[in-house]
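Asks: Structure: final.pdb, PDB, C-alpha atoms and all ligand atoms.
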ATOM      1  CA  MET Y 296      58.723  19.366  26.032
ATOM      2  CA  LYS Y 297      56.544  19.171  29.149
ATOM      3  CA  GLU Y 298      58.243  18.958  32.504
ATOM      4  CA  PHE Y 299      58.684  15.399  33.613
ATOM      5  CA  LYS Y 300      57.326  14.403  36.990
ATOM      6  CA  ASN Y 301      57.604  10.838  38.133
ATOM      7  CA  LEU Y 302      54.225   9.593  39.322
ATOM      8  CA  ILE Y 303      55.204   5.980  39.928
ATOM      9  CA  GLY Y 304      53.833   4.770  43.256
ATOM     10  CA  GLN Y 305      51.272   7.563  43.515
ATOM     11  CA  LYS Y 306      47.557   6.873  43.937
ATOM     12  CA  PHE Y 307      44.801   8.625  42.007
ATOM     13  CA  ASN Y 308      41.458   7.427  43.323
ATOM     14  CA  ARG Y 309      41.534   3.674  42.630
ATOM     15  CA  TRP Y 310      44.480   3.886  40.265
ATOM     16  CA  THR Y 311      48.018   3.251  41.424
ATOM     17  CA  VAL Y 312      50.707   4.285  38.975
ATOM     18  CA  ILE Y 313      53.013   1.314  38.420
ATOM     19  CA  GLY Y 314      55.001   2.378  35.408
ATOM     20  CA  ILE Y 315      55.443   4.768  32.537
ATOM     21  CA  SER Y 316      53.928   4.095  29.155
ATOM     22  CA  ASP Y 317      55.329   5.090  25.786
ATOM     23  CA  LYS Y 318      51.851   5.769  24.508
ATOM     24  CA  THR Y 319      51.040   9.336  23.617
ATOM     25  CA  ASN Y 320      48.401  11.261  21.706
ATOM     26  CA  LYS Y 321      48.359  14.209  19.369
ATOM     27  CA  HIS Y 322      48.653  16.614  22.322
ATOM     28  CA  TYR Y 323      51.768  14.782  23.466
ATOM     29  CA  ASP Y 324      50.116  13.895  26.752
ATOM     30  CA  ARG Y 325      52.064  11.524  28.924
ATOM     31  CA  TYR Y 326      50.540   8.133  29.680
ATOM     32  CA  TRP Y 327      51.109   6.001  32.751
ATOM     33  CA  LEU Y 328      50.598   2.346  33.444
ATOM     34  CA  CYS Y 329      48.023   2.149  36.197
ATOM     35  CA  GLN Y 330      46.563  -0.687  38.208
ATOM     36  CA  CYS Y 331      43.079  -0.558  39.705
ATOM     37  CA  SER Y 332      42.703  -1.412  43.377
ATOM     38  CA  CYS Y 333      39.590  -3.517  42.837
ATOM     39  CA  GLU Y 334      39.550  -7.309  42.653
ATOM     40  CA  SER Y 335      40.061  -7.316  38.895
ATOM     41  CA  LYS Y 336      43.533  -5.696  39.304
ATOM     42  CA  THR Y 337      43.044  -4.254  35.839
ATOM     43  CA  ILE Y 338      46.097  -2.574  34.334
ATOM     44  CA  ARG Y 339      45.549   0.193  31.822
ATOM     45  CA  GLU Y 340      47.370   3.119  30.225
ATOM     46  CA  VAL Y 341      45.855   6.310  31.583
ATOM     47  CA  SER Y 342      46.879   9.809  30.559
ATOM     48  CA  GLU Y 343      48.415  12.004  33.230
ATOM     49  CA  LEU Y 344      45.734  14.615  32.618
ATOM     50  CA  SER Y 345      42.957  12.090  33.225
ATOM     51  CA  LEU Y 346      44.566  11.059  36.498
ATOM     52  CA  ILE Y 347      45.058  14.612  37.747
ATOM     53  CA  LYS Y 348      41.684  15.925  36.574
ATOM     54  CA  GLU Y 349      40.014  12.769  37.925
ATOM     55  CA  ARG Y 350      38.447  11.984  34.590
ATOM     56  CA  SER Y 351      39.445   8.410  35.162
ATOM     57  CA  LYS Y 352      39.044   7.084  38.674
ATOM     58  CA  SER Y 353      39.093   3.350  38.161
ATOM     59  CA  CYS Y 354      38.824   0.547  35.681
ATOM     60  CA  GLY Y 355      35.088   1.237  35.648
ATOM     61  CA  CYS Y 356      34.324  -0.628  38.843
ATOM     62  CA  TYR Y 357      33.735   2.609  40.767
ATOM     63  CA  SER Y 358      30.918   3.918  38.591
ATOM     64  CA  SER Y 359      29.293   0.525  38.295
ATOM     65  CA  GLU Y 360      29.309   0.239  42.109
ATOM     66  CA  LYS Y 361      27.721   3.695  42.319
ATOM     67  CA  THR Y 362      25.005   2.657  39.892
ATOM     68  CA  THR Y 363      24.324  -0.525  41.812
ATOM     69  CA  GLU Y 364      24.076   1.471  45.035
ATOM     70  CA  MET Y 365      21.611   3.918  43.478
ATOM     71  CA  ASN Y 366      19.574   1.080  42.043
ATOM     72  CA  LYS Y 367      19.501  -0.594  45.414
ATOM     73  CA  GLU Y 368      18.296   2.617  47.041
ATOM     74  CA  ARG Y 369      15.598   3.043  44.421
ATOM     75  CA  ALA Y 370      14.496  -0.558  44.805
ATOM     76  CA  PHE Y 371      14.368  -0.081  48.576
ATOM     77  CA  THR Y 372      12.195   3.031  48.320
ATOM     78  CA  ASP Y 373       9.915   1.236  45.875
ATOM     79  CA  LYS Y 374       9.584  -1.682  48.211
ATOM     80  CA  TYR Y 375       9.207   0.362  51.404
ATOM     81  CA  PRO Y 376       7.654   3.667  50.308
ATOM     82  CA  HIS Y 377       6.792   4.871  53.836
ATOM     83  CA  TYR Y 378      10.049   3.802  55.413
ATOM     84  CA  LYS Y 379      11.201   7.289  56.387
ATOM     85  CA  ARG Y 380       8.037   8.494  58.125
ATOM     86  CA  ILE Y 381       7.316   5.199  59.863
ATOM     87  CA  LYS Y 382      10.907   5.088  61.066
ATOM     88  CA  SER Y 383      10.609   8.550  62.586
ATOM     89  CA  ILE Y 384       7.336   7.558  64.290
ATOM     90  CA  TYR Y 385       9.097   4.453  65.594
ATOM     91  CA  ASP Y 386      12.037   6.469  66.875
ATOM     92  CA  GLY Y 387       9.687   8.928  68.589
ATOM     93  CA  MET Y 388       7.868   6.065  70.284
ATOM     94  CA  ARG Y 389      11.143   4.625  71.561
ATOM     95  CA  LYS Y 390      12.224   7.996  72.913
ATOM     96  CA  ARG Y 391       8.915   8.588  74.727
ATOM     97  CA  CYS Y 392       9.190   5.199  76.391
ATOM     98  CA  TYR Y 393      12.898   4.841  77.050
ATOM     99  CA  ASN Y 394      14.641   8.201  76.907
ATOM    100  CA  ILE Y 395      14.404   9.718  80.348
ATOM    101  CA  ASN Y 396      15.722  13.025  79.006
ATOM    102  CA  LYS Y 397      12.705  13.572  76.780
ATOM    103  CA  ASP Y 398      10.084  16.030  78.019
ATOM    104  CA  ASN Y 399       7.176  13.696  77.421
ATOM    105  CA  TYR Y 400       8.915  10.699  79.008
ATOM    106  CA  ASP Y 401       6.832  11.336  82.155
ATOM    107  CA  SER Y 402       3.602  10.602  80.282
ATOM    108  CA  TYR Y 403       4.964   7.404  78.719
ATOM    109  CA  GLY Y 404       7.998   5.521  79.995
ATOM    110  CA  GLY Y 405       7.682   7.362  83.276
ATOM    111  CA  ARG Y 406       4.312   5.777  83.940
ATOM    112  CA  GLY Y 407       5.273   2.334  82.743
ATOM    113  CA  ILE Y 408       4.284   2.491  79.067
ATOM    114  CA  SER Y 409       6.576   0.213  77.079
ATOM    115  CA  ILE Y 410       6.951  -1.214  73.584
ATOM    116  CA  CYS Y 411       6.376  -4.899  72.925
ATOM    117  CA  LYS Y 412       9.497  -7.017  72.442
ATOM    118  CA  GLU Y 413       8.910  -7.817  68.764
ATOM    119  CA  TRP Y 414       8.677  -4.130  67.829
ATOM    120  CA  LEU Y 415      11.429  -2.998  70.119
ATOM    121  CA  GLU Y 416      13.887  -5.518  68.743
ATOM    122  CA  ASN Y 417      13.052  -5.202  65.081
ATOM    123  CA  PHE Y 418      11.886  -2.079  63.318
ATOM    124  CA  MET Y 419      10.785  -4.015  60.222
ATOM    125  CA  VAL Y 420       8.285  -6.001  62.305
ATOM    126  CA  PHE Y 421       6.750  -2.666  63.292
ATOM    127  CA  TYR Y 422       6.931  -1.419  59.700
ATOM    128  CA  ASN Y 423       5.107  -4.444  58.339
ATOM    129  CA  TRP Y 424       2.483  -4.240  61.065
ATOM    130  CA  ALA Y 425       1.936  -0.549  60.203
ATOM    131  CA  ILE Y 426       1.431  -1.202  56.494
ATOM    132  CA  LYS Y 427      -0.967  -4.071  57.116
ATOM    133  CA  ASN Y 428      -2.964  -2.147  59.706
ATOM    134  CA  GLY Y 429      -4.111   1.034  58.044
ATOM    135  CA  TYR Y 430      -0.997   3.196  58.051
ATOM    136  CA  GLN Y 431      -1.407   6.416  56.040
ATOM    137  CA  ASP Y 432       0.816   9.455  55.769
ATOM    138  CA  ASN Y 433      -1.692  11.700  57.568
ATOM    139  CA  LEU Y 434      -2.121   9.382  60.548
ATOM    140  CA  THR Y 435      -0.124   8.841  63.688
ATOM    141  CA  ILE Y 436       0.054   5.918  66.055
ATOM    142  CA  ASP Y 437      -2.594   5.807  68.759
ATOM    143  CA  ARG Y 438      -2.873   3.536  71.767
ATOM    144  CA  ILE Y 439      -6.453   2.344  72.208
ATOM    145  CA  ASP Y 440      -6.063   1.931  75.954
ATOM    146  CA  ASN Y 441      -4.126   4.958  77.098
ATOM    147  CA  ASP Y 442      -2.666   3.011  80.015
ATOM    148  CA  GLY Y 443      -1.681   0.112  77.757
ATOM    149  CA  ASN Y 444       1.566  -0.502  75.934
ATOM    150  CA  TYR Y 445       2.676  -0.069  72.373
ATOM    151  CA  LYS Y 446       1.778  -3.487  70.961
ATOM    152  CA  PRO Y 447      -0.232  -4.680  67.965
ATOM    153  CA  ASP Y 448      -3.563  -5.213  69.725
ATOM    154  CA  ASN Y 449      -3.449  -1.884  71.538
ATOM    155  CA  CYS Y 450      -2.437   0.307  68.626
ATOM    156  CA  ARG Y 451      -4.083   1.791  65.592
ATOM    157  CA  TRP Y 452      -3.473   4.580  63.110
ATOM    158  CA  ALA Y 453      -5.569   7.657  63.751
ATOM    159  CA  THR Y 454      -5.768  11.355  62.974
ATOM    160  CA  GLN Y 455      -4.767  13.789  65.691
ATOM    161  CA  GLU Y 456      -8.426  14.836  66.113
ATOM    162  CA  MET Y 457      -9.477  11.221  66.602
ATOM    163  CA  GLN Y 458      -6.725  10.731  69.133
ATOM    164  CA  ASP Y 459      -7.665  13.844  71.080
ATOM    165  CA  TYR Y 460     -11.302  12.827  71.104
ATOM    166  CA  ASN Y 461     -10.399   9.302  72.082
ATOM    167  CA  ARG Y 462      -8.389  10.576  75.003
ATOM    168  CA  ARG Y 463     -11.126  12.905  76.146
ATOM    169  CA  THR Y 464     -13.726  10.133  76.153
ATOM    170  CA  THR Y 465     -11.657   7.304  77.557
ATOM    171  CA  ILE Y 466      -9.423   8.942  80.109
ATOM    172  CA  TYR Y 467     -10.931   9.276  83.559
ATOM    173  CA  LEU Y 468      -9.818  11.889  86.006
ATOM    174  CA  THR Y 469     -10.678  11.487  89.671
ATOM    175  CA  ILE Y 470     -11.415  14.851  91.204
ATOM    176  CA  ASP Y 471     -12.652  15.104  94.786
ATOM    177  CA  GLY Y 472     -13.196  11.340  94.664
ATOM    178  CA  GLU Y 473     -15.445  11.513  91.575
ATOM    179  CA  SER Y 474     -14.298   9.748  88.384
ATOM    180  CA  LYS Y 475     -15.436  11.199  85.100
ATOM    181  CA  THR Y 476     -14.051  11.352  81.591
ATOM    182  CA  VAL Y 477     -12.037  14.369  80.559
ATOM    183  CA  LEU Y 478     -14.888  15.330  78.234
ATOM    184  CA  GLU Y 479     -17.351  15.347  81.136
ATOM    185  CA  TRP Y 480     -15.018  17.428  83.282
ATOM    186  CA  GLU Y 481     -14.588  19.806  80.367
ATOM    187  CA  LYS Y 482     -18.331  20.381  80.234
ATOM    188  CA  ILE Y 483     -18.538  20.876  83.980
ATOM    189  CA  SER Y 484     -15.583  23.231  84.289
ATOM    190  CA  GLY Y 485     -15.627  25.000  80.974
ATOM    191  CA  LEU Y 486     -11.902  24.432  80.767
ATOM    192  CA  SER Y 487     -10.258  22.769  77.807
ATOM    193  CA  TRP Y 488      -8.889  19.267  78.130
ATOM    194  CA  SER Y 489      -5.319  20.452  77.724
ATOM    195  CA  VAL Y 490      -5.664  22.699  80.772
ATOM    196  CA  LEU Y 491      -7.316  19.921  82.788
ATOM    197  CA  TRP Y 492      -4.715  17.435  81.639
ATOM    198  CA  GLN Y 493      -1.881  19.755  82.484
ATOM    199  CA  ARG Y 494      -3.209  20.456  85.964
ATOM    200  CA  TYR Y 495      -3.977  16.825  86.680
ATOM    201  CA  ASN Y 496      -0.746  15.337  85.422
ATOM    202  CA  LYS Y 497       1.880  18.041  85.715
ATOM    203  CA  SER Y 498       0.612  19.842  88.793
ATOM    204  CA  GLY Y 499      -0.896  16.730  90.384
ATOM    205  CA  TYR Y 500      -4.129  18.500  91.363
ATOM    206  CA  ARG Y 501      -6.990  16.322  92.598
ATOM    207  CA  THR Y 502      -9.544  18.730  94.025
ATOM    208  CA  LYS Y 503     -12.171  20.800  92.241
ATOM    209  CA  GLU Y 504     -10.813  23.883  93.914
ATOM    210  CA  GLU Y 505      -7.401  23.382  92.336
ATOM    211  CA  MET Y 506      -8.547  21.839  89.079
ATOM    212  CA  PHE Y 507     -11.240  24.352  88.244
ATOM    213  CA  LYS Y 508      -9.673  27.552  89.479
ATOM    214  CA  PRO Y 509      -9.935  30.208  86.849
ATOM    215  CA  SER Y 510      -6.811  30.635  84.885
ATOM    216  CA  GLN Y 511      -5.441  33.996  83.931
ATOM    217  CA  GLU Y 512      -6.551  33.402  80.383
ATOM    218  CA  TYR Y 513      -9.911  31.977  81.293
ATOM    219  CA  VAL Y 514     -11.981  35.063  81.401
ATOM    220  CA  LYS Y 515     -15.678  34.589  81.745
ATOM    221  CA  LEU Y 516     -18.009  36.442  79.474
ATOM    222  CA  ILE Y 517     -21.732  36.897  79.552
ATOM    223  CA  HIS Y 518     -23.138  35.011  76.612
ATOM    224  CA  ASN Y 519     -26.922  35.034  76.156
ATOM    225  CA  GLY Y 520     -27.242  36.174  79.738
ATOM    226  CA  ILE Y 521     -25.173  33.318  81.129
ATOM    227  CA  GLU Y 522     -21.628  33.522  82.345
ATOM    228  CA  LYS Y 523     -19.476  31.376  80.130
ATOM    229  CA  THR Y 524     -15.847  30.710  79.383
ATOM    230  CA  LEU Y 525     -14.405  30.886  75.911
ATOM    231  CA  PRO Y 526     -14.422  27.081  75.441
ATOM    232  CA  GLN Y 527     -18.105  27.035  76.392
ATOM    233  CA  ILE Y 528     -18.872  29.814  73.944
ATOM    234  CA  ALA Y 529     -16.893  27.890  71.359
ATOM    235  CA  ARG Y 530     -19.062  24.845  71.891
ATOM    236  CA  ASP Y 531     -22.266  26.886  71.724
ATOM    237  CA  THR Y 532     -21.356  28.816  68.601
ATOM    238  CA  GLY Y 533     -19.308  26.222  66.753
ATOM    239  CA  ILE Y 534     -16.410  28.667  66.453
ATOM    240  CA  GLN Y 535     -12.994  27.236  67.174
ATOM    241  CA  VAL Y 536     -11.824  28.116  70.652
ATOM    242  CA  GLU Y 537      -8.443  29.123  69.218
ATOM    243  CA  THR Y 538     -10.209  31.649  67.011
ATOM    244  CA  LEU Y 539     -12.076  33.042  70.002
ATOM    245  CA  ARG Y 540      -8.871  33.311  72.027
ATOM    246  CA  LYS Y 541      -7.078  35.099  69.237
ATOM    247  CA  ARG Y 542      -9.972  37.516  68.803
ATOM    248  CA  TYR Y 543     -10.244  38.057  72.534
ATOM    249  CA  LYS Y 544      -6.547  38.792  72.820
ATOM    250  CA  ARG Y 545      -6.859  41.354  70.045
ATOM    251  CA  GLY Y 546      -9.496  43.111  72.124
ATOM    252  CA  ILE Y 547     -12.482  41.946  70.064
ATOM    253  CA  ARG Y 548     -15.702  41.684  72.068
ATOM    254  CA  ASP Y 549     -19.459  41.301  71.692
ATOM    255  CA  ASP Y 550     -20.868  40.394  68.289
ATOM    256  CA  GLU Y 551     -17.495  40.649  66.612
ATOM    257  CA  LEU Y 552     -16.106  37.993  68.922
ATOM    258  CA  ILE Y 553     -18.596  35.377  67.792
ATOM    259  CA  LYS Y 554     -18.797  36.445  64.168
ATOM    260  CA  GLN Y 555     -18.839  33.404  61.924
ATOM    261  CA  VAL Y 556     -16.023  33.376  59.421
ATOM    262  CA  GLY Y 557     -17.259  33.998  55.917
ATOM    263  CA  LYS Y 558     -20.876  34.330  57.053
ATOM    264  CA  GLN Y 559     -23.043  37.357  57.570
ATOM    265  CA  ASN Y 560     -23.962  37.773  61.183
ATOM    266  CA  ASN Y 561     -27.673  37.163  61.436
ATOM    267  CA  ARG Y 562     -29.594  39.843  63.259
ATOM    268  CA  GLU Y 563     -31.473  37.297  65.310
ATOM    269  CA  ASN Y 564     -28.213  35.759  66.405
ATOM    270  CA  LYS Y 565     -27.127  38.980  68.006
ATOM    271  CA  ILE Y 566     -25.844  37.952  71.330
ATOM    272  CA  ASP Y 567     -25.089  40.031  74.324
ATOM    273  CA  ILE Y 568     -21.554  39.369  75.331
ATOM    274  CA  ARG Y 569     -19.943  41.608  77.806
ATOM    275  CA  GLU Y 570     -16.930  41.141  79.863
ATOM    276  CA  GLU Y 571     -17.739  40.138  83.399
ATOM    277  CA  VAL Y 572     -14.498  38.957  84.879
ATOM    278  CA  THR Y 573     -11.177  39.820  83.419
ATOM    279  CA  THR Y 574      -8.445  38.383  85.480
ATOM    280  CA  ILE Y 575      -8.988  36.244  88.490
ATOM    281  CA  GLY Y 576      -5.695  35.947  90.259
ATOM    282  CA  ARG Y 577      -2.563  34.468  88.926
ATOM    283  CA  ASP Y 578      -2.529  30.944  87.730
ATOM    284  CA  THR Y 579       0.513  28.911  88.515
ATOM    285  CA  ASP Y 580      -0.060  26.646  85.546
ATOM    286  CA  SER Y 581       1.678  27.242  82.330
ATOM    287  CA  ILE Y 582      -1.067  27.976  79.882
ATOM    288  CA  ALA Y 583       1.253  29.265  77.233
ATOM    289  CA  HIS Y 584       1.318  25.983  75.380
ATOM    290  CA  ILE Y 585      -2.374  26.065  74.590
ATOM    291  CA  LEU Y 586      -2.545  29.676  73.536
TER     292      LEU Y 586
HETATM  293 ZN    ZN G   1      38.533  -1.631  39.227
END
The structure in this file should be written as structure tokens.
Replies:
Amino acid sequence: MKEFKNLIGQKFNRWTVIGISDKTNKHYDRYWLCQCSCESKTIREVSELSLIKERSKSCGCYSSEKTTEMNKERAFTDKYPHYKRIKSIYDGMRKRCYNINKDNYDSYGGRGISICKEWLENFMVFYNWAIKNGYQDNLTIDRIDNDGNYKPDNCRWATQEMQDYNRRTTIYLTIDGESKTVLEWEKISGLSWSVLWQRYNKSGYRTKEEMFKPSQEYVKLIHNGIEKTLPQIARDTGIQVETLRKRYKRGIRDDELIKQVGKQNNRENKIDIREEVTTIGRDTDSIAHIL
């Protein structure tokens, strides 16, 4: 005979033992009268083993609730397939505009960029706008007017390259009283937009002397007899400036520096590149982020 332990009053998941049953099976398992905690208040005879091993947790309401929950989740994902990514874009936007502790708050909320009321108050309004206005998984939200707010008529979905280009052609920097687009200043200075942007916004520089001072990384090389910076060489050769920087840092010079990836270097394209200036003073700007 198995040891008798009174379970009356004990709870096992949704079951509460309310009495002992005289039912048994061929293994002589003990059965208890149990009542489910759900609305149905179902009473059933459940074997002690089932209670202890959690084979029975409820009258059946528990698993049907689980199924309903899973079905709901599946239906939600079917209905809003981009919910997760759009939500994270939305959260990022809110942080940039309203969370003073965020690094990039200065470039957004810090200079008065806000989110329109309808979006701010209701994520689903933003979600529906996104879906109807060209949202795709490879795109991010872009403000058409960089000084304008996050609102339907000032936003679109764009690739990062489009956004960078857009910024470079629409943002004006005033240096020594002259206003030109970032792209124009890039061509004049030979510096990349991220360096110009950093100096203008973070360091608050407004003169050519400050803005265009050579940075520690901005060595000038002689390219086809003309002194050029790496970004200028990049533009002339079509090689990514990042590639040039990496090569330069590895000590690669001359023809090897401007070797086209996967292409044979044409003899006629042989270009005289020699190092003219290596380091011109220390730059106070942090360049690390672009290298
Ligand atoms: Zn139940």
Asks: Taking all atoms listed in the file into account, which residues are within 9 Å of ligand ZN 1 (chain G), as a tab-separated table (two decimals) with C-alpha atoms, keeping the file's coordinate frame?
Replies:
chain	number	residue	atom	x	y	z
Y	309	ARG	CA	41.53	3.67	42.63
Y	310	TRP	CA	44.48	3.89	40.26
Y	330	GLN	CA	46.56	-0.69	38.21
Y	331	CYS	CA	43.08	-0.56	39.70
Y	332	SER	CA	42.70	-1.41	43.38
Y	333	CYS	CA	39.59	-3.52	42.84
Y	334	GLU	CA	39.55	-7.31	42.65
Y	335	SER	CA	40.06	-7.32	38.90
Y	336	LYS	CA	43.53	-5.70	39.30
Y	337	THR	CA	43.04	-4.25	35.84
Y	352	LYS	CA	39.04	7.08	38.67
Y	353	SER	CA	39.09	3.35	38.16
Y	354	CYS	CA	38.82	0.55	35.68
Y	355	GLY	CA	35.09	1.24	35.65
Y	356	CYS	CA	34.32	-0.63	38.84
Y	357	TYR	CA	33.74	2.61	40.77
Asks: May I ask for the distance between atom CA of Val341 of chain Y and atom CA of Asn320 of chain Y, given in Å to one decimal place?
Replies: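 Atom CA of Asn320 of chain Y lies 11.3 Å from atom CA of Val341 of chain Y.
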Asks: If you count only C-alpha atoms, which residues fall within 10 Å of Leu539 of chain Y, apart from same-chain ones fewer than 3 positions away, as a PDB file with C-alpha atoms, in the frame of the given file?
Replies:
ATOM      1  CA  LEU Y 525     -14.405  30.886  75.911  1.00  0.00           C
ATOM      2  CA  PRO Y 526     -14.422  27.081  75.441  1.00  0.00           C
ATOM      3  CA  ILE Y 528     -18.872  29.814  73.944  1.00  0.00           C
ATOM      4  CA  ALA Y 529     -16.893  27.890  71.359  1.00  0.00           C
ATOM      5  CA  ILE Y 534     -16.410  28.667  66.453  1.00  0.00           C
ATOM      6  CA  GLN Y 535     -12.994  27.236  67.174  1.00  0.00           C
ATOM      7  CA  VAL Y 536     -11.824  28.116  70.652  1.00  0.00           C
ATOM      8  CA  ARG Y 542      -9.972  37.516  68.803  1.00  0.00           C
ATOM      9  CA  TYR Y 543     -10.244  38.057  72.534  1.00  0.00           C
ATOM     10  CA  LYS Y 544      -6.547  38.792  72.820  1.00  0.00           C
ATOM     11  CA  ARG Y 545      -6.859  41.354  70.045  1.00  0.00           C
ATOM     12  CA  ILE Y 547     -12.482  41.946  70.064  1.00  0.00           C
ATOM     13  CA  ARG Y 548     -15.702  41.684  72.068  1.00  0.00           C
ATOM     14  CA  GLU Y 551     -17.495  40.649  66.612  1.00  0.00           C
ATOM     15  CA  LEU Y 552     -16.106  37.993  68.922  1.00  0.00           C
ATOM     16  CA  ILE Y 553     -18.596  35.377  67.792  1.00  0.00           C
ATOM     17  CA  LYS Y 554     -18.797  36.445  64.168  1.00  0.00           C
TER      18      LYS Y 554
END
Asks: Could you check which of Y:Trp492, Y:Lys446, Y:Tyr430, Y:Lys382 is closest to Arg463 of chain Y, using only C-alpha atoms?
Replies: Y:Trp492
Asks: For His322 of chain Y, which of Y:Arg540, Y:Glu343, Y:Gln305, Y:Asp373 is the closest residue, counting all atoms listed in the file?
Replies: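 Distance minimum relative to His322 of chain Y lands on Y:Glu343.
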Asks: Name the closest residue to Glu504 of chain Y among the candidates Y:Gln458, Y:Gln431, Y:Thr319, Y:Ser484; distances are taken between atoms, counting all atoms listed in the file.
Replies: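 Looking at the shortest contact to Glu504 of chain Y, the residue is Y:Ser484.
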Asks: My list of candidates is Y:Met457, Y:Cys450, Y:Ile408, Y:Leu415. Which is closest to Asn428 of chain Y when distances are computed with all atoms listed in the file?
Replies: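 Under the stated criterion, the closest residue is Y:Cys450.
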Asks: What does the structure give for the distance between atom CA of Lys367 of chain Y and atom CA of Phe307 of chain Y, in Å to one decimal?
Replies: 27.1 Å
Asks: Closest to Ser345 of chain Y among Y:Asp324, Y:Asp386, Y:Asp448, Y:Glu505, using all atoms listed in the file?
Replies: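 Smallest separation from Ser345 of chain Y among the options: Y:Asp324.
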Asks: Go ahead and compute the interatomic distance for atom CA of Gly404 of chain Y and atom CA of Trp480 of chain Y, in Å to one decimal.
Replies: 26.1 Å
Asks: Apply the PyMOL selection byres (((chain Y and resi 389) around 12) and not hetatm) to the file shown and report the selected residues as a ChimeraX atom specification.
Replies: /Y:382-388,390-395,397,399-400,403-404,408-412,414-418,421,444-445
Asks: On this structure, the PyMOL selection byres (((chain Y and resi 500-503) around 12) and not hetatm) would catch which residues? List them as a PyMOL selection string, sorted by chain and number.
Replies: chain Y and resi 468-474+480+483-484+490-499+504-509+579-580
Asks: Rank Y:Val477, Y:Arg369, Y:Pro376, Y:Leu346 by their smallest atom-to-atom distance to Asp432 of chain Y, using only C-alpha atoms, and report the top residue only.
Replies: Y:Pro376
Asks: Pull the neighbourhood of (-13.6, 8.4, 78.0) for me: all residues within 8 Å in file coordinates, counting all atoms listed in the file, as a compact mmCIF listing (two decimals) with C-alpha atoms, in the coordinates of the input.
Replies:
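Output below, filename selection24.txt:
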# COMPACT_ATOMS: atom_id res chain seq x y z
CA ASN Y 461 -10.40 9.30 72.08
CA ARG Y 462 -8.39 10.58 75.00
CA ARG Y 463 -11.13 12.90 76.15
CA THR Y 464 -13.73 10.13 76.15
CA THR Y 465 -11.66 7.30 77.56
CA ILE Y 466 -9.42 8.94 80.11
CA TYR Y 467 -10.93 9.28 83.56
CA LYS Y 475 -15.44 11.20 85.10
CA THR Y 476 -14.05 11.35 81.59
CA VAL Y 477 -12.04 14.37 80.56
CA LEU Y 478 -14.89 15.33 78.23
Asks: For this structure, which residues satisfy the selection - the PyMOL selection byres (((chain Y and resi 453) around 8) and not hetatm) - when it is evaluated on the file as given? I want them as a ChimeraX atom specification.
Replies: /Y:434-437,451-452,454-455,457-458
